[in-house]
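Asks: Got a structure for you, protein-v8.tsv, holding TSV, C-alpha atoms.
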```
chain	number	residue	atom	x	y	z
A	384	MET	CA	-60.30	84.86	2.82
A	385	ALA	CA	-56.80	86.25	2.89
A	386	VAL	CA	-53.36	85.20	4.11
A	387	THR	CA	-50.26	87.15	5.00
A	388	VAL	CA	-47.19	86.00	3.12
A	389	LYS	CA	-43.74	86.76	4.51
A	390	LEU	CA	-40.84	86.20	2.16
A	391	SER	CA	-37.32	85.85	3.46
A	392	SER	CA	-33.99	86.97	2.00
A	393	SER	CA	-33.44	86.05	-1.67
A	394	LEU	CA	-37.12	85.06	-2.19
A	395	ARG	CA	-37.97	88.77	-1.86
A	396	THR	CA	-36.33	89.44	-5.19
A	397	PHE	CA	-39.16	87.62	-6.99
A	398	VAL	CA	-41.84	90.07	-5.86
A	399	GLU	CA	-41.24	93.62	-6.99
A	400	GLY	CA	-41.63	96.25	-4.29
A	401	TYR	CA	-41.89	93.63	-1.52
A	402	ASP	CA	-42.24	95.29	1.89
A	403	PRO	CA	-40.51	93.16	4.57
A	404	PHE	CA	-42.35	94.86	7.41
A	405	ASN	CA	-45.89	94.17	6.20
A	406	GLY	CA	-45.32	91.24	3.87
A	407	LEU	CA	-48.03	90.55	1.30
A	408	THR	CA	-51.75	90.24	1.89
A	409	ILE	CA	-53.14	87.81	-0.66
A	410	ASP	CA	-56.78	86.85	-1.24
A	411	LEU	CA	-57.01	83.08	-1.24
A	412	ARG	CA	-58.67	80.97	-3.90
A	413	PRO	CA	-60.81	78.07	-2.63
A	414	ASN	CA	-58.66	75.21	-1.24
A	415	GLU	CA	-55.49	76.89	-2.38
A	416	THR	CA	-52.28	75.15	-1.33
A	417	VAL	CA	-48.90	76.70	-0.55
A	418	SER	CA	-47.61	75.32	-3.83
A	419	GLN	CA	-50.43	76.92	-5.87
A	420	LEU	CA	-50.01	80.22	-4.11
A	421	LEU	CA	-46.27	80.23	-4.83
A	422	LYS	CA	-47.00	79.75	-8.52
A	423	ARG	CA	-49.45	82.65	-8.47
A	424	LEU	CA	-46.89	84.89	-6.76
A	425	GLY	CA	-44.15	83.97	-9.22
A	426	VAL	CA	-41.90	82.49	-6.53
A	427	PRO	CA	-40.26	79.32	-7.91
A	428	GLU	CA	-41.06	76.45	-5.56
A	429	GLU	CA	-37.61	74.94	-5.97
A	430	LYS	CA	-36.09	78.08	-4.43
A	431	VAL	CA	-38.16	77.63	-1.26
A	432	LYS	CA	-36.57	75.38	1.36
A	433	ILE	CA	-38.52	76.12	4.53
A	434	ILE	CA	-42.29	76.63	4.72
A	435	MET	CA	-43.96	77.79	7.92
A	436	VAL	CA	-47.67	78.38	8.52
A	437	ASP	CA	-48.39	80.41	11.65
A	438	GLY	CA	-44.89	79.67	12.88
A	439	ARG	CA	-45.10	75.92	12.33
A	440	SER	CA	-43.40	73.80	9.74
A	441	ALA	CA	-45.68	72.89	6.79
A	442	SER	CA	-45.49	71.10	3.44
A	443	PRO	CA	-46.13	72.54	-0.05
A	444	ASP	CA	-49.47	70.71	-0.31
A	445	ARG	CA	-50.79	72.35	2.85
A	446	VAL	CA	-54.18	74.01	2.17
A	447	LEU	CA	-54.23	77.58	3.44
A	448	THR	CA	-57.10	79.07	5.39
A	449	ASP	CA	-58.27	82.58	6.16
A	450	GLY	CA	-56.03	84.66	8.43
A	451	GLU	CA	-53.01	82.39	8.32
A	452	ARG	CA	-49.50	83.66	8.03
A	453	LEU	CA	-47.22	81.93	5.55
A	454	SER	CA	-43.44	82.35	5.98
A	455	LEU	CA	-41.09	81.16	3.27
A	456	PHE	CA	-37.29	80.77	3.40
A	457	PRO	CA	-34.67	79.84	0.82
A	458	PRO	CA	-31.64	77.80	1.91
A	459	VAL	CA	-29.34	80.02	3.98
A	460	GLY	CA	-25.82	78.86	4.67
A	461	GLY	CA	-23.43	81.79	5.10
A	462	GLY	CA	-21.19	82.10	8.10
B	740	MET	CA	4.48	76.96	46.64
B	741	ASN	CA	2.26	77.81	49.55
B	742	GLN	CA	-0.98	75.90	49.39
B	743	GLY	CA	-2.02	76.45	53.00
B	744	PRO	CA	-5.50	75.80	54.35
B	745	PRO	CA	-8.32	76.80	51.96
B	746	ASP	CA	-9.07	80.06	53.66
B	747	ASP	CA	-5.57	81.25	53.30
B	748	LEU	CA	-7.12	82.40	50.12
B	749	ARG	CA	-9.33	84.91	51.84
B	750	ALA	CA	-6.38	85.94	54.05
B	751	PHE	CA	-4.19	86.56	50.99
B	752	LEU	CA	-6.96	88.33	49.19
B	753	GLN	CA	-7.86	90.52	52.14
B	754	LYS	CA	-5.54	93.28	50.98
B	755	HIS	CA	-6.64	92.91	47.36
B	756	LEU	CA	-10.38	92.79	47.83
B	757	ILE	CA	-12.35	95.62	46.28
B	758	LYS	CA	-15.54	96.52	48.09
B	759	ASN	CA	-18.58	97.06	45.88
B	760	GLU	CA	-22.10	98.05	46.71
B	761	THR	CA	-25.31	97.36	44.79
B	762	PRO	CA	-28.06	100.01	44.49
B	763	GLU	CA	-29.81	98.07	47.29
B	764	LYS	CA	-26.75	98.68	49.50
B	765	GLU	CA	-25.73	95.04	49.37
B	766	THR	CA	-21.97	94.65	49.71
B	767	TYR	CA	-19.86	92.24	47.67
B	768	PHE	CA	-16.19	91.92	46.86
B	769	SER	CA	-14.19	91.62	43.68
B	770	ILE	CA	-10.51	91.03	42.84
B	771	LYS	CA	-8.27	92.36	40.10
B	772	GLU	CA	-6.61	90.03	37.65
B	773	THR	CA	-3.09	90.93	38.86
B	774	ALA	CA	-3.93	89.60	42.34
B	775	LEU	CA	-5.42	86.44	40.82
B	776	VAL	CA	-2.29	85.87	38.76
B	777	GLU	CA	-0.11	86.32	41.85
B	778	LEU	CA	-2.28	83.95	43.84
B	779	ALA	CA	-2.19	81.33	41.09
B	780	SER	CA	1.59	81.51	41.06
B	781	ARG	CA	1.80	81.22	44.88
B	782	ARG	CA	-0.55	78.25	44.98
B	783	GLY	CA	0.92	76.56	41.94
B	784	GLU	CA	-2.51	76.60	40.31
B	785	THR	CA	-3.89	77.84	37.04
B	786	LEU	CA	-5.61	81.19	36.75
B	787	LEU	CA	-8.83	79.31	36.05
B	788	GLN	CA	-8.56	77.31	39.30
B	789	VAL	CA	-7.98	80.46	41.28
B	790	MET	CA	-10.94	82.22	39.64
B	791	LYS	CA	-13.11	79.25	40.53
B	792	ALA	CA	-11.86	79.18	44.15
B	793	CYS	CA	-12.74	82.87	44.49
B	794	LEU	CA	-16.18	82.54	42.95
B	795	GLU	CA	-16.95	79.63	45.26
B	796	ARG	CA	-16.49	82.16	48.09
B	797	ASP	CA	-18.64	84.64	46.16
B	798	LEU	CA	-15.59	86.81	45.45
B	799	TRP	CA	-15.87	88.04	41.87
B	800	PRO	CA	-12.91	88.38	39.53
B	801	GLU	CA	-13.17	91.99	38.31
B	802	ARG	CA	-13.39	90.74	34.73
B	803	PHE	CA	-16.68	89.04	35.54
B	804	ARG	CA	-18.04	91.65	37.93
B	805	ALA	CA	-20.47	92.99	35.33
B	806	HIS	CA	-21.94	89.48	35.06
B	807	ARG	CA	-23.17	89.74	38.62
B	808	GLY	CA	-26.91	90.23	38.55
B	809	ALA	CA	-27.25	88.40	35.23
B	810	PHE	CA	-25.40	85.33	36.56
B	811	THR	CA	-24.82	83.95	40.02
B	812	SER	CA	-21.31	83.01	41.11
B	813	LYS	CA	-22.43	79.37	40.69
B	814	ASP	CA	-23.41	80.07	37.07
B	815	GLN	CA	-20.03	81.66	36.50
B	816	VAL	CA	-18.27	78.61	37.97
B	817	ARG	CA	-20.26	76.42	35.59
B	818	LEU	CA	-19.01	78.48	32.67
B	819	LEU	CA	-15.42	78.26	33.92
B	820	GLN	CA	-15.73	74.48	33.98
B	821	ALA	CA	-17.33	74.23	30.54
B	822	THR	CA	-16.01	73.41	27.08
B	823	ALA	CA	-17.54	74.51	23.78
B	824	ALA	CA	-16.45	73.48	20.29
B	825	VAL	CA	-16.72	76.25	17.70
B	826	ILE	CA	-16.62	74.85	14.18
B	827	GLY	CA	-15.77	77.62	11.73
B	828	ALA	CA	-13.88	80.77	12.79
B	829	GLY	CA	-15.15	83.25	10.20
B	830	GLY	CA	-18.03	85.71	10.45
B	831	LEU	CA	-20.05	83.72	12.98
B	832	GLY	CA	-17.31	81.70	14.65
B	833	GLY	CA	-14.88	84.58	15.19
B	834	THR	CA	-17.48	86.53	17.11
B	835	VAL	CA	-18.72	83.45	18.97
B	836	CYS	CA	-15.12	82.79	20.14
B	837	LEU	CA	-14.67	86.35	21.34
B	838	LEU	CA	-17.98	86.36	23.19
B	839	LEU	CA	-17.41	83.00	24.87
B	840	ALA	CA	-13.88	84.00	25.93
B	841	ARG	CA	-15.30	87.13	27.55
B	842	ALA	CA	-18.13	85.12	29.12
B	843	GLY	CA	-15.46	83.03	30.84
B	844	LEU	CA	-15.76	79.56	29.36
B	845	GLY	CA	-12.94	77.38	30.64
B	846	ARG	CA	-12.08	75.76	27.37
B	847	LEU	CA	-12.71	76.51	23.71
B	848	ILE	CA	-12.06	74.18	20.81
B	849	VAL	CA	-11.74	76.02	17.49
B	850	CYS	CA	-11.70	74.30	14.12
B	851	ASP	CA	-11.25	76.05	10.77
B	852	GLY	CA	-9.03	75.10	7.85
B	853	ASP	CA	-9.10	78.49	6.11
B	854	GLU	CA	-6.75	81.45	6.13
B	855	PHE	CA	-7.88	85.07	6.29
B	856	GLU	CA	-8.28	86.91	3.02
B	857	GLU	CA	-9.25	90.48	2.16
B	858	SER	CA	-12.86	89.62	1.38
B	859	ASN	CA	-13.27	88.61	5.05
B	860	LEU	CA	-12.49	92.09	6.38
B	861	ASN	CA	-16.05	93.41	6.04
B	862	ARG	CA	-17.49	91.07	8.67
B	863	GLN	CA	-15.06	88.63	10.31
B	864	SER	CA	-14.10	90.14	13.65
B	865	LEU	CA	-10.85	88.18	13.97
B	866	SER	CA	-9.58	89.40	10.60
B	867	ASN	CA	-7.34	92.40	10.11
B	868	LEU	CA	-4.72	93.45	7.58
B	869	SER	CA	-1.82	91.99	9.55
B	870	ARG	CA	-3.48	88.57	9.54
B	871	MET	CA	-3.94	88.10	5.81
B	872	GLY	CA	-2.92	84.56	4.87
B	873	GLN	CA	-2.89	83.37	8.49
B	874	LYS	CA	-4.91	80.42	9.75
B	875	LYS	CA	-8.22	81.55	11.23
B	876	ALA	CA	-8.16	78.94	14.01
B	877	LEU	CA	-4.71	80.07	15.20
B	878	CYS	CA	-5.71	83.73	15.09
B	879	ALA	CA	-8.77	82.83	17.18
B	880	ALA	CA	-6.54	81.25	19.82
B	881	GLU	CA	-4.27	84.30	19.88
B	882	GLU	CA	-7.20	86.66	20.31
B	883	ILE	CA	-8.91	84.51	22.97
B	884	ARG	CA	-5.70	84.44	25.06
B	885	ARG	CA	-5.38	88.20	24.77
B	886	ILE	CA	-8.90	88.65	26.10
B	887	ASN	CA	-8.81	85.98	28.77
B	888	PRO	CA	-5.62	84.02	29.40
B	889	ALA	CA	-7.54	81.70	31.73
B	890	VAL	CA	-9.27	80.06	28.74
B	891	GLN	CA	-7.67	76.86	27.53
B	892	VAL	CA	-7.78	76.88	23.73
B	893	THR	CA	-7.41	73.83	21.50
B	894	THR	CA	-7.06	74.60	17.80
B	895	TYR	CA	-7.65	72.48	14.73
B	896	PRO	CA	-6.37	74.58	11.83
B	897	PHE	CA	-7.76	72.22	9.22
B	898	LYS	CA	-11.13	71.25	7.78
B	899	ALA	CA	-13.61	69.25	9.83
B	900	THR	CA	-14.10	65.78	8.34
B	901	GLU	CA	-16.09	62.72	9.32
B	902	GLU	CA	-12.81	61.17	10.48
B	903	ASN	CA	-11.52	63.99	12.68
B	904	LEU	CA	-14.83	65.27	14.09
B	905	PRO	CA	-15.20	62.67	16.87
B	906	ASP	CA	-11.81	63.71	18.28
B	907	ILE	CA	-12.51	67.40	17.88
B	908	LEU	CA	-15.94	67.31	19.52
B	909	THR	CA	-15.51	64.70	22.25
B	910	PRO	CA	-14.24	67.05	25.01
B	911	ALA	CA	-17.07	69.55	24.37
B	912	GLN	CA	-20.43	69.90	26.11
B	913	VAL	CA	-21.90	71.93	23.27
B	914	VAL	CA	-21.11	72.34	19.56
B	915	VAL	CA	-21.53	75.65	17.73
B	916	ASP	CA	-22.06	75.44	13.97
B	917	CYS	CA	-20.40	78.52	12.47
B	918	LEU	CA	-19.70	77.03	9.05
B	919	ASP	CA	-20.44	78.52	5.66
B	920	ASN	CA	-21.88	75.57	3.74
B	921	LEU	CA	-24.71	73.15	4.32
B	922	PRO	CA	-22.95	69.84	3.55
B	923	THR	CA	-20.34	70.40	6.31
B	924	ARG	CA	-23.01	71.65	8.69
B	925	PHE	CA	-24.88	68.36	8.20
B	926	MET	CA	-21.69	66.40	8.90
B	927	VAL	CA	-21.01	68.29	12.14
B	928	GLU	CA	-24.63	67.92	13.25
B	929	LYS	CA	-24.41	64.17	12.70
B	930	ALA	CA	-21.16	63.92	14.68
B	931	ALA	CA	-22.61	66.01	17.53
B	932	ARG	CA	-25.73	63.83	17.60
B	933	ARG	CA	-23.62	60.67	17.81
B	934	LEU	CA	-21.75	62.09	20.79
B	935	GLY	CA	-25.01	63.18	22.46
B	936	LEU	CA	-24.12	66.88	22.27
B	937	PRO	CA	-26.41	69.86	21.67
B	938	PHE	CA	-25.70	71.56	18.33
B	939	ILE	CA	-26.30	75.27	17.76
B	940	HIS	CA	-26.81	76.08	14.11
B	941	GLY	CA	-26.34	79.61	12.82
B	942	ALA	CA	-26.53	80.75	9.20
B	943	VAL	CA	-26.68	84.15	7.55
B	944	GLY	CA	-27.44	85.65	4.16
B	945	GLY	CA	-28.04	89.31	3.39
B	946	LEU	CA	-29.52	91.11	6.39
B	947	GLU	CA	-31.15	87.94	7.68
B	948	GLY	CA	-30.07	84.93	9.66
B	949	LEU	CA	-31.33	81.70	11.15
B	950	VAL	CA	-30.46	80.12	14.48
B	951	LEU	CA	-31.63	76.69	15.63
B	952	THR	CA	-30.60	74.51	18.55
B	953	VAL	CA	-30.74	70.78	18.01
B	954	PHE	CA	-30.50	68.35	20.91
B	955	PRO	CA	-29.57	64.76	20.01
B	956	GLU	CA	-33.17	63.54	20.21
B	957	ASP	CA	-34.61	66.46	18.18
B	958	PRO	CA	-35.29	66.65	14.46
B	959	GLY	CA	-32.50	68.76	13.02
B	960	LEU	CA	-31.20	70.29	9.83
B	961	GLU	CA	-32.71	67.60	7.64
B	962	ASN	CA	-36.13	68.71	8.84
B	963	LEU	CA	-35.27	72.21	7.59
B	964	TYR	CA	-33.26	71.69	4.47
B	965	GLY	CA	-33.98	68.17	3.27
B	966	SER	CA	-30.93	66.14	2.34
B	967	GLY	CA	-28.45	69.00	2.75
B	968	ASP	CA	-26.71	68.57	-0.59
B	969	ILE	CA	-27.30	72.22	-1.40
B	970	PRO	CA	-24.21	73.84	-2.91
B	971	LYS	CA	-23.07	77.28	-1.73
B	972	GLU	CA	-24.09	78.96	-4.99
B	973	LYS	CA	-27.75	77.97	-4.43
B	974	SER	CA	-27.86	79.55	-0.98
B	975	ALA	CA	-29.32	83.00	-0.22
B	976	GLU	CA	-25.89	84.50	0.58
B	977	ALA	CA	-24.76	83.86	-3.00
B	978	VAL	CA	-27.37	86.42	-4.10
B	979	LEU	CA	-27.46	88.78	-1.10
B	980	GLY	CA	-23.90	88.59	0.22
B	981	VAL	CA	-23.02	88.75	3.89
B	982	PRO	CA	-22.89	92.36	5.08
B	983	THR	CA	-21.03	93.48	8.22
B	984	VAL	CA	-23.69	93.35	10.90
B	985	THR	CA	-25.63	90.15	10.20
B	986	PRO	CA	-23.09	87.57	11.43
B	987	ALA	CA	-22.49	89.60	14.61
B	988	LEU	CA	-26.19	89.40	15.50
B	989	ALA	CA	-26.51	85.68	14.74
B	990	ALA	CA	-23.25	84.97	16.62
B	991	ALA	CA	-24.54	86.85	19.68
B	992	LEU	CA	-27.62	84.62	19.73
B	993	GLN	CA	-25.50	81.49	19.30
B	994	ALA	CA	-23.24	82.54	22.18
B	995	ALA	CA	-26.28	83.35	24.33
B	996	GLU	CA	-27.57	79.86	23.60
B	997	VAL	CA	-24.25	78.25	24.58
B	998	ILE	CA	-24.40	80.09	27.89
B	999	ASN	CA	-28.05	79.14	28.51
B	1000	ILE	CA	-27.32	75.48	27.92
B	1001	LEU	CA	-24.18	75.46	30.05
B	1002	ILE	CA	-25.77	77.12	33.05
B	1003	GLY	CA	-28.98	75.11	32.75
B	1004	ARG	CA	-31.38	77.79	31.57
B	1005	PRO	CA	-34.06	77.02	28.98
B	1006	PRO	CA	-32.61	77.18	25.45
B	1007	LEU	CA	-33.81	80.04	23.22
B	1008	ALA	CA	-33.87	78.12	19.96
B	1009	ARG	CA	-34.55	74.47	20.78
B	1010	GLY	CA	-37.30	73.32	18.45
B	1011	ARG	CA	-37.74	76.94	17.38
B	1012	LEU	CA	-36.16	78.35	14.28
B	1013	LEU	CA	-35.14	81.90	15.11
B	1014	HIS	CA	-35.34	84.16	12.08
B	1015	LEU	CA	-33.35	87.36	12.51
B	1016	ASP	CA	-34.24	90.10	10.12
B	1017	LEU	CA	-32.38	93.40	10.24
B	1018	THR	CA	-34.53	94.89	7.47
B	1019	ILE	CA	-37.55	95.13	9.80
B	1020	PRO	CA	-35.87	94.61	12.39
B	1021	SER	CA	-37.21	91.53	14.15
B	1022	ILE	CA	-36.36	88.17	15.66
B	1023	GLU	CA	-39.17	85.69	15.13
B	1024	ALA	CA	-39.40	82.25	16.69
B	1025	ASN	CA	-40.95	79.59	14.44
B	1026	SER	CA	-41.92	76.34	16.10
B	1027	LEU	CA	-40.57	73.16	14.53
B	1028	LEU	CA	-41.63	70.47	16.98
```
Let's see the structure in the file written out as structure tokens.
Replies:
Amino acid sequence: MAVTVKLSSSLRTFVEGYDPFNGLTIDLRPNETVSQLLKRLGVPEEKVKIIMVDGRSASPDRVLTDGERLSLFPPVGGG
Amino acid sequence: MNQGPPDDLRAFLQKHLIKNETPEKETYFSIKETALVELASRRGETLLQVMKACLERDLWPERFRAHRGAFTSKDQVRLLQATAAVIGAGGLGGTVCLLLARAGLGRLIVCDGDEFEESNLNRQSLSNLSRMGQKKALCAAEEIRRINPAVQVTTYPFKATEENLPDILTPAQVVVDCLDNLPTRFMVEKAARRLGLPFIHGAVGGLEGLVLTVFPEDPGLENLYGSGDIPKEKSAEAVLGVPTVTPALAAALQAAEVINILIGRPPLARGRLLHLDLTIPSIEANSLL
């Protein structure tokens, strides 16, 4: 029971040694939500603006399942 | 002024036509800009009208000859007849303007209230040392005319507001969001939606960027960012900066999207958040619908 977690831009600074190419492979706890996983990873939920599971928009209370890919984005606004 | 019958055009051009051959030995003709300018003056028409008249006969202005194969002459005519509004003329908008002028859009509307400063030089393609302190929107117009004098440019060298946006956007068929802060992006999206116009959002921070196309009936920025009252200092670029190459990549995708929409091809980023990541590198499409 594992998920791949892909962090984007400034969220990468919360996980030391983060590898953008591979992301993180995290073993899931039973019925773990996005929100709970963020806490475990040390990524502050308030810094996360966009949550995607397998390329689709999801909410923080979404329960993750084996093999899914979680992508997380902070607000990005530069031009 | 000698208007003559329509195919006077071909007669005039006869001595100016350049014969080209494709690898499949197909022959087609192109014309240099000097001949087009002369023809426009003879016919009392604009350069744009003359370009269109040539393309309708499948005669390619040399400046668009390298489009042949990627675009049909009909596609090119569509671009010549099209108007895009570019809101923001900095890192994203400057490059979007340059690309759309080269692509041959007939009219560009450029809105930006800022002036160039030294900290823009790392990434904003319209900036240079001689333009410090000059209005970005006016510099955009100057540069667009240098590239392609056929483009009609309308400039708004002041900030977009709820009051002025309807006037700025009304002539456009597509709106390109090249701003640098979420609250104004939300305002422009709302104005575009009200006018029934597609809105192409681009945003960058560090070596990453996001591009999303929102049609009036689609969920938009609110679906991504919530209410949108996120100040600049809370955005990724406040931490990671905006290095040279990132806006150029996002701007290229935004310009590609403008072209797709205008010539009736499927959009790249409608309902799909494109995440550009130069650290990997990759462009990922994330479905939103």
Asks: Which residues of chain B come within 6 Å of chain A, and what is each one's closest atom pair and distance in Å (one decimal), counting all atoms listed in the file, sorted by chain and residue number, as a Markdown table?
Replies:
```
| residue | atom | partner | partner_atom | distance |
| --- | --- | --- | --- | --- |
| B:Gly830 | CA | A:Gly462 | CA | 5.3 |
| B:Leu831 | CA | A:Gly462 | CA | 5.3 |
| B:Cys917 | CA | A:Gly462 | CA | 5.7 |
| B:Leu918 | CA | A:Gly462 | CA | 5.4 |
| B:Asp919 | CA | A:Gly462 | CA | 4.4 |
| B:Asn920 | CA | A:Gly460 | CA | 5.2 |
| B:Leu921 | CA | A:Gly460 | CA | 5.8 |
| B:Ala942 | CA | A:Gly460 | CA | 5.0 |
| B:Val943 | CA | A:Gly461 | CA | 4.7 |
| B:Gly944 | CA | A:Gly461 | CA | 5.6 |
| B:Leu963 | CA | A:Ile433 | CA | 5.9 |
| B:Tyr964 | CA | A:Lys432 | CA | 5.9 |
| B:Ser974 | CA | A:Pro458 | CA | 5.1 |
| B:Ala975 | CA | A:Val459 | CA | 5.1 |
| B:Glu976 | CA | A:Gly461 | CA | 5.8 |
| B:Ile1019 | CA | A:Phe404 | CA | 5.4 |
| B:Asn1025 | CA | A:Gly438 | CA | 4.2 |
| B:Ser1026 | CA | A:Arg439 | CA | 4.9 |
| B:Leu1027 | CA | A:Ser440 | CA | 5.6 |
```
Asks: Could you tell me which of B:Ala876, B:Ala750, B:Ala889, B:Leu775 comes closest to B:Gly843 if we count only C-alpha atoms?
Replies: B:Ala889
Asks: Between atom CA of B:Asn962 and atom CA of A:Thr387, what is the spacing in Å?
Replies: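 Computing the Euclidean distance for atom CA of A:Thr387 and atom CA of B:Asn962 yields 23.5 Å.
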Asks: Give me, please, the distance in Å between atom CA of B:Pro982 and atom CA of B:Glu857, quoted to one decimal.
Replies: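 A separation of 14.1 Å between them.
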Asks: Applying 8 Å and only C-alpha atoms, which residues near B:Glu901 remain after dropping the ones on its own chain fewer than 6 positions away? List them as a CSV table (one decimal) with C-alpha atoms, keeping the file's coordinate frame.
Replies:
```
chain,number,residue,atom,x,y,z
B,926,MET,CA,-21.7,66.4,8.9
B,927,VAL,CA,-21.0,68.3,12.1
B,930,ALA,CA,-21.2,63.9,14.7
```
Asks: Name the residues in contact with B:Phe810 at a cut-off of 12 Å, using only C-alpha atoms, excluding same-chain residues fewer than 5 positions from it; report them as number ranges by chain.
Replies: B: 794, 797, 799, 803-805, 815-818, 842-843, 998-999, 1001-1004
Asks: Tell me which of B:Val981, B:Ala823, B:Leu1015, B:Val915 sits closest to B:Val892, counting all atoms listed in the file.
Replies: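 Between B:Val981, B:Ala823, B:Leu1015, B:Val915, the residue approaching B:Val892 most closely is B:Ala823.
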Asks: Calculated over all atoms listed in the file, which of the candidates A:Met384, A:Gly406, A:Glu451, A:Pro443 has the smallest distance to A:Pro427?
Replies: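 Of A:Met384, A:Gly406, A:Glu451, A:Pro443, the one nearest A:Pro427 is A:Pro443, counting all atoms listed in the file.
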Asks: Smallest atom-to-atom distance to A:Gly450: which of A:Ile409, A:Glu399, A:Thr416, A:Lys389, using only C-alpha atoms?
Replies: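 Of all the options, A:Ile409 lies closest to A:Gly450.
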Asks: What box, with edges along x, y and z, holds each listed atom of stretch 403-420 of chain A when 4 Å is added on every side, and can you state its centre and edge lengths in Å to one decimal, as JSON?
Replies:
```
{"center_x": -50.7, "center_y": 85.0, "center_z": 0.8, "size_x": 28.3, "size_y": 27.7, "size_z": 21.3}
```
Asks: Could you work out how far atom CA of B:Gly965 lies from atom CA of A:Gln419, giving the answer in Å with one decimal?
Replies: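 These atoms are spaced 20.8 Å apart.
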Asks: With distances taken over all atoms listed in the file, which of B:Pro888, B:Pro905, B:Pro800, B:Pro970 is nearest to B:Thr785?
Replies: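 Looking at the shortest contact to B:Thr785, the residue is B:Pro888.
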Asks: From the options B:Pro1005, B:Gly783, B:Pro958, B:Gly945, which residue's atoms come nearest to B:Val978, counting only C-alpha atoms?
Replies: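 The closest residue to B:Val978 is B:Gly945.
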Asks: Which residues, protein or nucleic acid, reach to within 12 Å of (-58.7, 86.2, 2.6) in the file's coordinates when using all atoms listed in the file, and can you give that as a PDB file with C-alpha atoms, in the frame of the given file?
Replies:
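Contents of part31.pdb, freshly written:
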```pdb
ATOM      1  CA  MET A 384     -60.300  84.860   2.820  1.00  0.00           C
ATOM      2  CA  ALA A 385     -56.800  86.250   2.890  1.00  0.00           C
ATOM      3  CA  VAL A 386     -53.360  85.200   4.110  1.00  0.00           C
ATOM      4  CA  THR A 387     -50.260  87.150   5.000  1.00  0.00           C
ATOM      5  CA  VAL A 388     -47.190  86.000   3.120  1.00  0.00           C
ATOM      6  CA  LEU A 407     -48.030  90.550   1.300  1.00  0.00           C
ATOM      7  CA  THR A 408     -51.750  90.240   1.890  1.00  0.00           C
ATOM      8  CA  ILE A 409     -53.140  87.810  -0.660  1.00  0.00           C
ATOM      9  CA  ASP A 410     -56.780  86.850  -1.240  1.00  0.00           C
ATOM     10  CA  LEU A 411     -57.010  83.080  -1.240  1.00  0.00           C
ATOM     11  CA  ARG A 412     -58.670  80.970  -3.900  1.00  0.00           C
ATOM     12  CA  PRO A 413     -60.810  78.070  -2.630  1.00  0.00           C
ATOM     13  CA  ASN A 414     -58.660  75.210  -1.240  1.00  0.00           C
ATOM     14  CA  GLU A 415     -55.490  76.890  -2.380  1.00  0.00           C
ATOM     15  CA  LEU A 447     -54.230  77.580   3.440  1.00  0.00           C
ATOM     16  CA  THR A 448     -57.100  79.070   5.390  1.00  0.00           C
ATOM     17  CA  ASP A 449     -58.270  82.580   6.160  1.00  0.00           C
ATOM     18  CA  GLY A 450     -56.030  84.660   8.430  1.00  0.00           C
ATOM     19  CA  GLU A 451     -53.010  82.390   8.320  1.00  0.00           C
ATOM     20  CA  ARG A 452     -49.500  83.660   8.030  1.00  0.00           C
TER      21      ARG A 452
END
```
Asks: What's around B:Ala1008 at 10 Å? Count only C-alpha atoms, leave out sequence neighbours fewer than 5 positions away in its own chain, and write the answer as a ChimeraX atom specification.
Replies: /B:939-940,949-953,992-993,996,1013,1024-1027
